[in-house]
Amino acid sequence: MAYPTINGPYGLLPQNLIGGQVFAGSTRMVPIASGYGTSLYFGDPVKLTSTGTLITSGLAYNSAAAETGGTIGIFLGCEYTPGSTSTVVGTGPLYGKNRYQNWAASTVAADAVAYVCDDYDVIMKAAMITYNSSATPVIGAAPSTAFGTNLTSMATATANTGAGTGNAFGNSNVGLMLASGNIRRTTTAPFRIVGFVPETQITTTSVGSASSASTALTLTAANSLIVTGMLVTGTGIATGTTVDTVSGTSVTLSTNTSAAISGGTLTFSGYQEVLVKWNFGYHAYQVAVAI
């Protein structure tokens with residue numbers, strides 16, 4: 001992909017620490033049980049079992065609930081000694097420990113360990129996705145008014161299956177969502193927006209019409225740059241209005257129009273990537289209840 005276009009969500013990627021502290025990229029090595037049956041992707045939230053091994057967190061698919069004992073951090077690859085039959089095309093068998101972008105489900109490796117970013121003060125970059133329950137995450141946007149709001153995470157409706165665009169390279173397909181209607185989320189949730197990625201800001205204009213006190217906006221022509229979550233401004237648009245849904249020339253607004261719009265030029269803007277921090281109580285090191 002090339003900025004400002006984001007092809008799909010890619011998980012949560014550590015960037016730096018809150019308050020401008022230097023982030024050295026430090027990780028903690030956590031064992032993975034041989035034969036663990038769920039794939040882990042680069043950028044996935046992960047947690048510990050009661051036996052001290054790493055597994056996927058509920059925050060890696062469709063969950064806003066805090067895990068018992070908390071999510072320990074972000075999976076950033078793993079290493080293990082492959083089986084004696086493992087080969088790389090053109091090179092023959094592999095011997096000794098090797099490093100991998102992701103953990104393939106049911107891999108048998110007695111010495112497997114994961115690299116986990118477990119710092120609860122870390123600032124992470126992630127892609128915004130639309131609020132939905134479909135099997136395929138769709139890129140959305142966060143309006144500038146979303147600064148400081150809470151976000152939940154989602155890959156698909158039921159699991160982080162690896163079906164997303166980013167998984168071609170073993171990357172996560174977890175993205176972050178605003179609340180229903182793609183508006184600010186003031187209820188408790190795992191992540192808090194602390195910044196935006198300016199390189200992925202999209203601003204575009206379109207001509208549209210709508211009745212007074214209506215959320216139905218009709219554009220004169222479809223605009224592929226308009227995605228859910230974008231801030232909408234213009235005559236007849238109430239302050240803080242965002243795009244709830246968009247399909248072709250039909251746009252559903254989050255708030256009723258304040259006046260009728262007839263062929264008015266409207267501006268749509270939003271950020272496809274955001275910077276977030278863990279909210280208190282979701283990270284394992286901030287939860288007193290052990291597992």
# chains A, B, ... in the order shown; residues from 1 in each chain; ligands from 1
$ closest_atom_pairs --of "segment 171-267 of chain A" --to "segment 20-44 of chain A" --cutoff "9 Å" --atoms "only C-alpha atoms" --output "Markdown table"
| residue | atom | partner | partner_atom | distance |
| --- | --- | --- | --- | --- |
| A:Asn171 | CA | A:Phe42 | CA | 4.6 |
| A:Ser172 | CA | A:Tyr41 | CA | 4.7 |
| A:Asn173 | CA | A:Tyr41 | CA | 8.1 |
| A:Val174 | CA | A:Asp44 | CA | 6.9 |
$ write_last_selection --atoms "N, CA and C atoms" --output "short mmCIF file (atom, residue, chain, number, x, y, z; two decimals), in the first residue's frame"
data_model
loop_
_atom_site.label_atom_id
_atom_site.label_comp_id
_atom_site.auth_asym_id
_atom_site.auth_seq_id
_atom_site.Cartn_x
_atom_site.Cartn_y
_atom_site.Cartn_z
N ASN A 171 0.62 -10.87 8.87
CA ASN A 171 0.21 -9.75 9.71
C ASN A 171 -1.22 -9.93 10.20
N SER A 172 -1.53 -9.28 11.30
CA SER A 172 -2.87 -9.32 11.88
C SER A 172 -3.87 -8.65 10.95
N ASN A 173 -5.15 -9.01 11.12
CA ASN A 173 -6.19 -8.24 10.44
C ASN A 173 -7.12 -7.58 11.45
N VAL A 174 -6.55 -7.23 12.61
CA VAL A 174 -7.29 -6.51 13.64
C VAL A 174 -7.29 -5.02 13.33
#
$ select_by_dssp --residues "segment 152-254 of chain A" --states "strand (DSSP E or B)" --output "VMD selection string"
chain A and resid 152 to 154 171 175 to 177 179 183 191 to 196 201 to 210 216 to 219 231 to 233 242 to 247 250 to 253
$ write_last_selection --atoms "N, CA and C atoms" --output "short mmCIF file (atom, residue, chain, number, x, y, z; two decimals), in the first residue's frame"
data_model
loop_
_atom_site.label_atom_id
_atom_site.label_comp_id
_atom_site.auth_asym_id
_atom_site.auth_seq_id
_atom_site.Cartn_x
_atom_site.Cartn_y
_atom_site.Cartn_z
N THR A 152 -12.91 0.05 20.37
CA THR A 152 -12.82 -1.39 20.54
C THR A 152 -12.09 -1.98 19.34
N SER A 153 -11.73 -3.26 19.44
CA SER A 153 -10.97 -3.91 18.37
C SER A 153 -11.81 -5.01 17.73
N MET A 154 -11.50 -5.30 16.48
CA MET A 154 -12.21 -6.37 15.78
C MET A 154 -11.42 -6.79 14.55
N ASN A 171 0.62 -10.87 8.87
CA ASN A 171 0.21 -9.75 9.71
C ASN A 171 -1.22 -9.93 10.20
N GLY A 175 -8.46 -4.41 13.42
CA GLY A 175 -8.59 -2.96 13.29
C GLY A 175 -9.33 -2.41 14.48
N LEU A 176 -9.47 -1.09 14.56
CA LEU A 176 -10.14 -0.45 15.68
C LEU A 176 -11.41 0.26 15.22
N MET A 177 -12.43 0.25 16.10
CA MET A 177 -13.74 0.80 15.73
C MET A 177 -14.20 1.87 16.69
N ALA A 179 -17.85 3.83 18.07
CA ALA A 179 -19.10 3.26 18.53
C ALA A 179 -20.08 3.10 17.36
N ILE A 183 -19.49 7.02 15.82
CA ILE A 183 -19.40 8.25 16.61
C ILE A 183 -18.51 8.00 17.83
N PHE A 191 -9.07 0.77 24.22
CA PHE A 191 -8.08 1.68 23.66
C PHE A 191 -8.58 3.12 23.66
N ARG A 192 -7.62 4.07 23.73
CA ARG A 192 -7.94 5.49 23.74
C ARG A 192 -7.13 6.19 22.64
N ILE A 193 -7.80 6.99 21.81
CA ILE A 193 -7.10 7.74 20.77
C ILE A 193 -6.29 8.85 21.41
N VAL A 194 -4.98 8.86 21.16
CA VAL A 194 -4.10 9.91 21.67
C VAL A 194 -3.45 10.69 20.52
N GLY A 195 -3.77 10.31 19.30
CA GLY A 195 -3.20 11.03 18.16
C GLY A 195 -3.68 10.43 16.85
N PHE A 196 -3.38 11.13 15.76
CA PHE A 196 -3.74 10.69 14.42
C PHE A 196 -2.48 10.60 13.56
N GLN A 201 -4.57 11.05 6.39
CA GLN A 201 -5.77 11.89 6.44
C GLN A 201 -6.33 12.02 5.02
N ILE A 202 -7.64 11.85 4.90
CA ILE A 202 -8.31 12.01 3.63
C ILE A 202 -9.30 13.17 3.75
N THR A 203 -9.23 14.12 2.81
CA THR A 203 -10.19 15.21 2.74
C THR A 203 -10.69 15.30 1.32
N THR A 204 -12.01 15.31 1.17
CA THR A 204 -12.59 15.35 -0.17
C THR A 204 -13.91 16.11 -0.11
N THR A 205 -14.38 16.60 -1.25
CA THR A 205 -15.66 17.31 -1.31
C THR A 205 -16.60 16.62 -2.29
N SER A 206 -17.89 16.75 -2.03
CA SER A 206 -18.91 16.22 -2.93
C SER A 206 -20.14 17.11 -2.86
N VAL A 207 -20.90 17.11 -3.92
CA VAL A 207 -22.16 17.86 -3.96
C VAL A 207 -23.30 16.92 -3.62
N GLY A 208 -24.19 17.36 -2.72
CA GLY A 208 -25.29 16.50 -2.31
C GLY A 208 -26.53 17.26 -1.93
N SER A 209 -27.61 16.49 -1.72
CA SER A 209 -28.89 17.07 -1.32
C SER A 209 -29.52 16.22 -0.23
N ALA A 210 -30.27 16.88 0.65
CA ALA A 210 -30.96 16.17 1.74
C ALA A 210 -32.11 17.03 2.23
N ALA A 216 -30.50 11.11 5.58
CA ALA A 216 -30.28 10.58 4.23
C ALA A 216 -29.73 11.66 3.32
N LEU A 217 -28.52 11.48 2.87
CA LEU A 217 -27.86 12.43 1.96
C LEU A 217 -27.63 11.74 0.63
N THR A 218 -27.99 12.42 -0.46
CA THR A 218 -27.80 11.86 -1.80
C THR A 218 -26.77 12.70 -2.55
N LEU A 219 -25.70 12.05 -3.00
CA LEU A 219 -24.65 12.75 -3.74
C LEU A 219 -24.98 12.78 -5.22
N LEU A 231 -15.78 13.02 9.22
CA LEU A 231 -16.49 14.22 9.65
C LEU A 231 -17.08 14.90 8.42
N VAL A 232 -18.32 15.35 8.53
CA VAL A 232 -19.00 16.02 7.42
C VAL A 232 -19.27 17.47 7.83
N THR A 233 -18.91 18.41 6.99
CA THR A 233 -19.16 19.82 7.26
C THR A 233 -19.76 20.48 6.02
N THR A 242 -21.00 12.83 11.39
CA THR A 242 -20.08 11.92 10.71
C THR A 242 -20.84 11.03 9.74
N VAL A 243 -20.08 10.31 8.92
CA VAL A 243 -20.68 9.36 7.98
C VAL A 243 -20.97 8.06 8.72
N ASP A 244 -22.23 7.68 8.77
CA ASP A 244 -22.63 6.41 9.39
C ASP A 244 -22.40 5.27 8.41
N THR A 245 -22.96 5.37 7.21
CA THR A 245 -22.74 4.39 6.16
C THR A 245 -22.66 5.11 4.82
N VAL A 246 -22.03 4.47 3.85
CA VAL A 246 -21.98 5.02 2.50
C VAL A 246 -22.06 3.88 1.50
N SER A 247 -22.89 4.06 0.48
CA SER A 247 -23.04 3.07 -0.59
C SER A 247 -23.35 3.81 -1.88
N SER A 250 -25.43 7.15 -1.98
CA SER A 250 -26.24 7.26 -0.76
C SER A 250 -25.35 7.30 0.48
N VAL A 251 -25.50 8.34 1.27
CA VAL A 251 -24.74 8.49 2.51
C VAL A 251 -25.72 8.65 3.66
N THR A 252 -25.52 7.88 4.72
CA THR A 252 -26.32 8.02 5.93
C THR A 252 -25.49 8.79 6.95
N LEU A 253 -26.05 9.88 7.44
CA LEU A 253 -25.36 10.73 8.40
C LEU A 253 -25.64 10.27 9.82
#
$ closest_residue --among "A:Leu275, A:Met128, A:Ile139, A:Ala259" --to "Ser224 of chain A" --atoms "only C-alpha atoms"
A:Ile139
$ residues_around --residues "Ile123 of chain A" --least-positions-apart "2" --cutoff "7 Å" --atoms "only C-alpha atoms" --output "compact mmCIF listing (two decimals) with C-alpha atoms, in the first residue's frame"
# COMPACT_ATOMS: atom_id res chain seq x y z
CA PRO A 14 4.13 -0.24 18.76
CA GLN A 15 5.48 3.23 17.93
CA ASN A 16 6.74 4.97 21.08
CA LEU A 17 5.80 5.53 24.72
CA ILE A 18 3.35 7.92 26.31
CA ASP A 121 2.62 2.66 28.33
CA LYS A 125 -0.60 2.64 15.49
CA LEU A 275 -2.39 6.31 17.61
CA VAL A 276 -3.82 4.66 20.72
CA LYS A 277 -2.89 3.72 24.26
$ closest_residue --among "A:Ala288, A:Ala260, A:Ile237, A:Ile129" --to "Ser211 of chain A" --atoms "only C-alpha atoms"
A:Ala260
$ residues_around --residues "Arg184 of chain A" --least-positions-apart "6" --cutoff "9 Å" --atoms "only C-alpha atoms" --output "list of chain:residue names"
A:Thr145, A:Ala146, A:Phe147, A:Gly148, A:Thr149, A:Asn150, A:Leu151, A:Leu178
$ closest_residue --among "A:Glu79, A:Tyr282, A:Ser50, A:Thr220" --to "Leu266 of chain A" --atoms "only C-alpha atoms"
A:Thr220
$ closest_residue --among "A:Asn279, A:Ser180, A:Thr235, A:Gln101" --to "Gly263 of chain A" --atoms "only C-alpha atoms"
A:Thr235
$ closest_residue --among "A:Thr241, A:Ser262, A:Thr81, A:Thr188" --to "Ala110 of chain A" --atoms "only C-alpha atoms"
A:Thr81
$ residues_around --residues "Lys47 of chain A" --least-positions-apart "4" --cutoff "9 Å" --atoms "only C-alpha atoms" --output "VMD selection string"
chain A and resid 53 to 58 67 69 to 74 284
$ atom_distance --atom1 "atom CA of Val108 of chain A" --atom2 "atom CA of Ala155 of chain A"
25.6 Å
